[in-house]
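Take a look at the structure set out below.
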Amino acid sequence: MIYDEIGTGYALGRRTDPRWMKAIVAALGDARSIVDVGAGTGSYEPAGRTVLAVEPSGEMIRQRPHGAAPAVRAVAEALPIGDNTFDAALAVLTVHHWTDWRRGLAELRRTAPRRVVLAYDTQLHAEFWFVREYVPEIADLELGRPSAPDIANELGADSVTPLPLPWDFTDGVFPAYWRRPAAYLDPRVRRSCSALAQTDPDAVERGVRRLREDLETGRWHDNHRDLLELGHWDAGFRLICSGAC
């Protein structure tokens, strides 16, 4: 499993942002039992409900905090639970890692009447300044992944809600530091972003060197003054809800 290789230290950089948590809890509505598919370290599992985490990576399960929901090691494409066992199925920033994403979404439909999926528009990710200006190789990776509109269409979504990134976002998803570019100079930050961890290390290092030079000369700030005035930025993240929403 990929996160057995790239997931070391994941929990240090990927922390729950309460603003996204609020949106996810609202989308789950009155669901009392939830299967969290591709659960990772459990960053967005709501409290006060019955949750079962499904995660293929032993490394990610190892990093789940004390007191987290019980976890079973399995893949999205073959969930080890019966039909309509849970009130809701939750999948947060995981569908793009599935081997067969359509089959995985079919499993969400099979196991719960409500499906809540957080995904992203891969085209917008590919246009992110870090990709466009420093590591364009990431675009090939992103554009080969299922995009939020594709996922919404496959699920027959009842709602698709944009989740813009606040400038001080606390979860270290790839575009999280859109207004804090120096963060990408930190290898710990880069390790917690799968788009960077899965791209040719030489290409990433080349891009980081260019970014460091542009920060030192002030070129980055000159080119992106418009971003520095924004409180939120749309990186393409979408909260998709289907079924009993």
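Note on naming: chains are A, B, ... as they come in the structure tokens, residues start from 1 per chain, ligands start from 1 in the order shown.
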| What lies within 7 Å of Pro162 of chain A using only C-alpha atoms, ignoring chain neighbours under 6 positions off, as JSON, numbers by chain? | {"A": [237, 238, 239]}
**Request:** Identify all residues of segment 24-172 of chain A in helix (DSSP H, G or I) (DSSP on the backbone) and supply them as number ranges by chain.
**Result:** A: 24-28, 58-62, 76-78, 95-97, 101-111, 122-126, 129-133, 137-143, 148-155
Atom CA of Ser33 of chain A sits from atom CA of Arg62 of chain A at a separation of 23.0 Å
Exercise for the section: Extract, using only C-alpha atoms, all DNA, RNA and protein residues at most 10 Å from Ile240 of chain A, discarding same-chain residues fewer than 5 positions from it, and format them as an MDAnalysis selection string. Expected result: chainID A and resid 24 27 91 115:120 148:149 151:153 155:162
If you count only C-alpha atoms, which residues fall within 10 Å of Tyr44 of chain A, apart from same-chain ones fewer than 4 positions away, as an mmCIF file with N, CA and C atoms, in the first residue's frame?
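Listed below is the output, out_1.cif:
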data_model
loop_
_atom_site.group_PDB
_atom_site.id
_atom_site.type_symbol
_atom_site.label_atom_id
_atom_site.label_comp_id
_atom_site.auth_asym_id
_atom_site.auth_seq_id
_atom_site.Cartn_x
_atom_site.Cartn_y
_atom_site.Cartn_z
ATOM 1 N N ARG A 15 -3.471 17.693 10.024
ATOM 2 C CA ARG A 15 -4.268 17.890 11.232
ATOM 3 C C ARG A 15 -5.666 18.379 10.861
ATOM 4 N N THR A 16 -6.616 18.050 11.679
ATOM 5 C CA THR A 16 -8.004 18.429 11.439
ATOM 6 C C THR A 16 -8.151 19.946 11.398
ATOM 7 N N ASP A 17 -8.780 20.447 10.345
ATOM 8 C CA ASP A 17 -9.152 21.861 10.326
ATOM 9 C C ASP A 17 -10.619 21.952 10.744
ATOM 10 N N PRO A 18 -10.934 22.711 11.783
ATOM 11 C CA PRO A 18 -12.306 22.736 12.298
ATOM 12 C C PRO A 18 -13.327 23.256 11.298
ATOM 13 N N TRP A 20 -13.382 22.650 7.971
ATOM 14 C CA TRP A 20 -13.770 21.504 7.151
ATOM 15 C C TRP A 20 -14.551 20.495 7.982
ATOM 16 N N MET A 21 -14.142 20.319 9.229
ATOM 17 C CA MET A 21 -14.848 19.374 10.092
ATOM 18 C C MET A 21 -16.309 19.776 10.235
ATOM 19 N N LYS A 22 -16.568 21.049 10.404
ATOM 20 C CA LYS A 22 -17.936 21.542 10.532
ATOM 21 C C LYS A 22 -18.745 21.226 9.286
ATOM 22 N N ILE A 24 -18.206 18.821 7.067
ATOM 23 C CA ILE A 24 -18.393 17.383 6.951
ATOM 24 C C ILE A 24 -19.475 16.896 7.908
ATOM 25 N N VAL A 25 -19.445 17.378 9.125
ATOM 26 C CA VAL A 25 -20.472 16.999 10.105
ATOM 27 C C VAL A 25 -21.851 17.420 9.615
ATOM 28 N N ASP A 36 -15.949 5.058 7.713
ATOM 29 C CA ASP A 36 -14.990 6.015 7.152
ATOM 30 C C ASP A 36 -14.020 5.234 6.276
ATOM 31 N N ALA A 39 -9.696 5.798 5.696
ATOM 32 C CA ALA A 39 -9.787 6.676 6.871
ATOM 33 C C ALA A 39 -8.484 7.331 7.266
ATOM 34 N N GLY A 40 -7.350 6.748 6.866
ATOM 35 C CA GLY A 40 -6.081 7.329 7.267
ATOM 36 C C GLY A 40 -5.960 7.393 8.778
ATOM 37 N N LEU A 90 -18.367 7.692 4.575
ATOM 38 C CA LEU A 90 -17.556 8.897 4.468
ATOM 39 C C LEU A 90 -16.233 8.547 3.795
ATOM 40 N N ALA A 91 -15.811 9.386 2.854
ATOM 41 C CA ALA A 91 -14.522 9.184 2.188
ATOM 42 C C ALA A 91 -13.874 10.552 1.992
ATOM 43 N N VAL A 92 -12.814 10.817 2.734
ATOM 44 C CA VAL A 92 -12.186 12.140 2.741
ATOM 45 C C VAL A 92 -10.827 12.085 2.044
#
Residue nearest Pro181 of chain A - candidates A:Ala195, A:Ala139, A:Val208, A:Ala126, atoms counted: only C-alpha atoms: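 Ranking A:Ala195, A:Ala139, A:Val208, A:Ala126 by distance to Pro181 of chain A, first place goes to A:Val208.
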Worksheet item: Running DSSP on the backbone, which parts of segment 99-215 of chain A land in strand (DSSP E or B), as a list in words?
Response: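 Strand (DSSP E or B) assignments inside segment 99-215 of chain A correspond to Arg114, Arg115, Val116, Val117, Leu118, Ala119, Tyr120, Ser159, Val160, Thr161, Pro162, Leu165, Pro166 and Asp171 of chain A.
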(Q) Which residues are near Val51 of chain A? Cut-off 12 Å, only C-alpha atoms, ignore same chain within fewer than 2 positions. Put them as an MDAnalysis selection string. (A) chainID A and resid 31:37 39 42 44:49 53:54 67:72 85:90
Restricting it to N, CA and C atoms, dump the selection as a short mmCIF file (atom, residue, chain, number, x, y, z; two decimals), in the first residue's frame.
data_model
loop_
_atom_site.label_atom_id
_atom_site.label_comp_id
_atom_site.auth_asym_id
_atom_site.auth_seq_id
_atom_site.Cartn_x
_atom_site.Cartn_y
_atom_site.Cartn_z
N ALA A 31 -26.93 11.08 10.62
CA ALA A 31 -26.39 9.73 10.57
C ALA A 31 -25.70 9.41 11.89
N ARG A 32 -26.10 8.30 12.48
CA ARG A 32 -25.52 7.92 13.76
C ARG A 32 -24.39 6.90 13.61
N SER A 33 -24.41 6.15 12.53
CA SER A 33 -23.35 5.16 12.30
C SER A 33 -22.68 5.47 10.97
N ILE A 34 -21.35 5.48 10.97
CA ILE A 34 -20.58 5.93 9.81
C ILE A 34 -19.43 4.98 9.55
N VAL A 35 -19.26 4.59 8.30
CA VAL A 35 -18.05 3.88 7.90
C VAL A 35 -17.15 4.89 7.18
N ASP A 36 -15.95 5.06 7.71
CA ASP A 36 -14.99 6.01 7.15
C ASP A 36 -14.02 5.23 6.28
N VAL A 37 -14.17 5.37 4.97
CA VAL A 37 -13.43 4.55 4.00
C VAL A 37 -12.17 5.30 3.56
N ALA A 39 -9.70 5.80 5.70
CA ALA A 39 -9.79 6.68 6.87
C ALA A 39 -8.48 7.33 7.27
N GLY A 42 -7.73 9.32 10.65
CA GLY A 42 -9.01 9.67 11.25
C GLY A 42 -9.24 11.14 11.50
N TYR A 44 -11.02 13.39 10.17
CA TYR A 44 -12.35 13.98 10.03
C TYR A 44 -13.46 13.01 10.44
N GLU A 45 -13.17 12.20 11.45
CA GLU A 45 -14.19 11.32 12.01
C GLU A 45 -14.93 12.05 13.12
N PRO A 46 -16.25 12.20 12.99
CA PRO A 46 -17.00 12.98 13.98
C PRO A 46 -17.11 12.28 15.32
N ALA A 47 -17.09 13.06 16.37
CA ALA A 47 -17.26 12.52 17.72
C ALA A 47 -18.74 12.26 18.01
N GLY A 48 -18.98 11.41 18.97
CA GLY A 48 -20.34 11.17 19.42
C GLY A 48 -21.17 10.30 18.50
N ARG A 49 -20.54 9.60 17.56
CA ARG A 49 -21.24 8.70 16.66
C ARG A 49 -20.48 7.37 16.58
N ALA A 53 -13.58 2.65 10.97
CA ALA A 53 -12.59 3.10 10.00
C ALA A 53 -12.13 1.92 9.14
N VAL A 54 -12.07 2.16 7.83
CA VAL A 54 -11.53 1.17 6.90
C VAL A 54 -10.31 1.79 6.24
N GLY A 67 -7.84 6.27 21.43
CA GLY A 67 -9.25 6.60 21.56
C GLY A 67 -9.96 6.79 20.24
N ALA A 68 -9.23 6.67 19.11
CA ALA A 68 -9.87 6.80 17.80
C ALA A 68 -10.81 5.62 17.56
N ALA A 69 -11.67 5.76 16.58
CA ALA A 69 -12.61 4.69 16.23
C ALA A 69 -11.85 3.43 15.85
N PRO A 70 -12.44 2.26 16.07
CA PRO A 70 -11.78 1.01 15.65
C PRO A 70 -11.56 1.00 14.15
N ALA A 71 -10.47 0.35 13.74
CA ALA A 71 -10.10 0.33 12.33
C ALA A 71 -9.91 -1.10 11.86
N VAL A 72 -10.35 -1.36 10.64
CA VAL A 72 -10.14 -2.63 10.00
C VAL A 72 -9.31 -2.40 8.75
N THR A 85 -25.29 -1.39 6.08
CA THR A 85 -24.91 -1.62 7.47
C THR A 85 -24.81 -0.32 8.25
N PHE A 86 -24.44 0.75 7.55
CA PHE A 86 -24.23 2.04 8.20
C PHE A 86 -25.20 3.09 7.65
N ASP A 87 -25.41 4.14 8.46
CA ASP A 87 -26.26 5.24 8.00
C ASP A 87 -25.57 6.05 6.92
N ALA A 88 -24.25 6.18 7.02
CA ALA A 88 -23.51 7.00 6.06
C ALA A 88 -22.13 6.42 5.82
N ALA A 89 -21.66 6.60 4.60
CA ALA A 89 -20.28 6.25 4.24
C ALA A 89 -19.53 7.56 3.97
N LEU A 90 -18.37 7.69 4.58
CA LEU A 90 -17.56 8.90 4.47
C LEU A 90 -16.23 8.55 3.80
#
Contacts of Arg179 of chain A within 9 Å, only C-alpha atoms, excl. fewer than 5 positions in-chain, as a PyMOL selection string:
chain A and resi 167-168+224+227-228+230+233
Here atom CA of Arg109 of chain A and atom CA of Val95 of chain A stand apart by 13.9 Å
Checklist entry - Out of A:Ile81, A:Ala182, A:Ala76, A:Val135, which residue has the shortest atom-to-atom distance to Asp202 of chain A when counting only C-alpha atoms? => result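 Under the stated criterion, the closest residue is A:Val135.
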Would you mind listing what lies within 10 Å of Asp100 of chain A as an NGL selection string, with only C-alpha atoms counted and same-chain residues fewer than 4 positions away left out?
:A and (76-77 or 95-96 or 104-105 or 146)
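Counting only C-alpha atoms, the residue from A:Leu185, A:Ala197, A:Ala74, A:Ala23 that sits nearest to Ile138 of chain A is A:Ala197.
Here atom CA of Cys193 of chain A is placed at a distance of 9.7 Å from atom CA of Ala176 of chain A.
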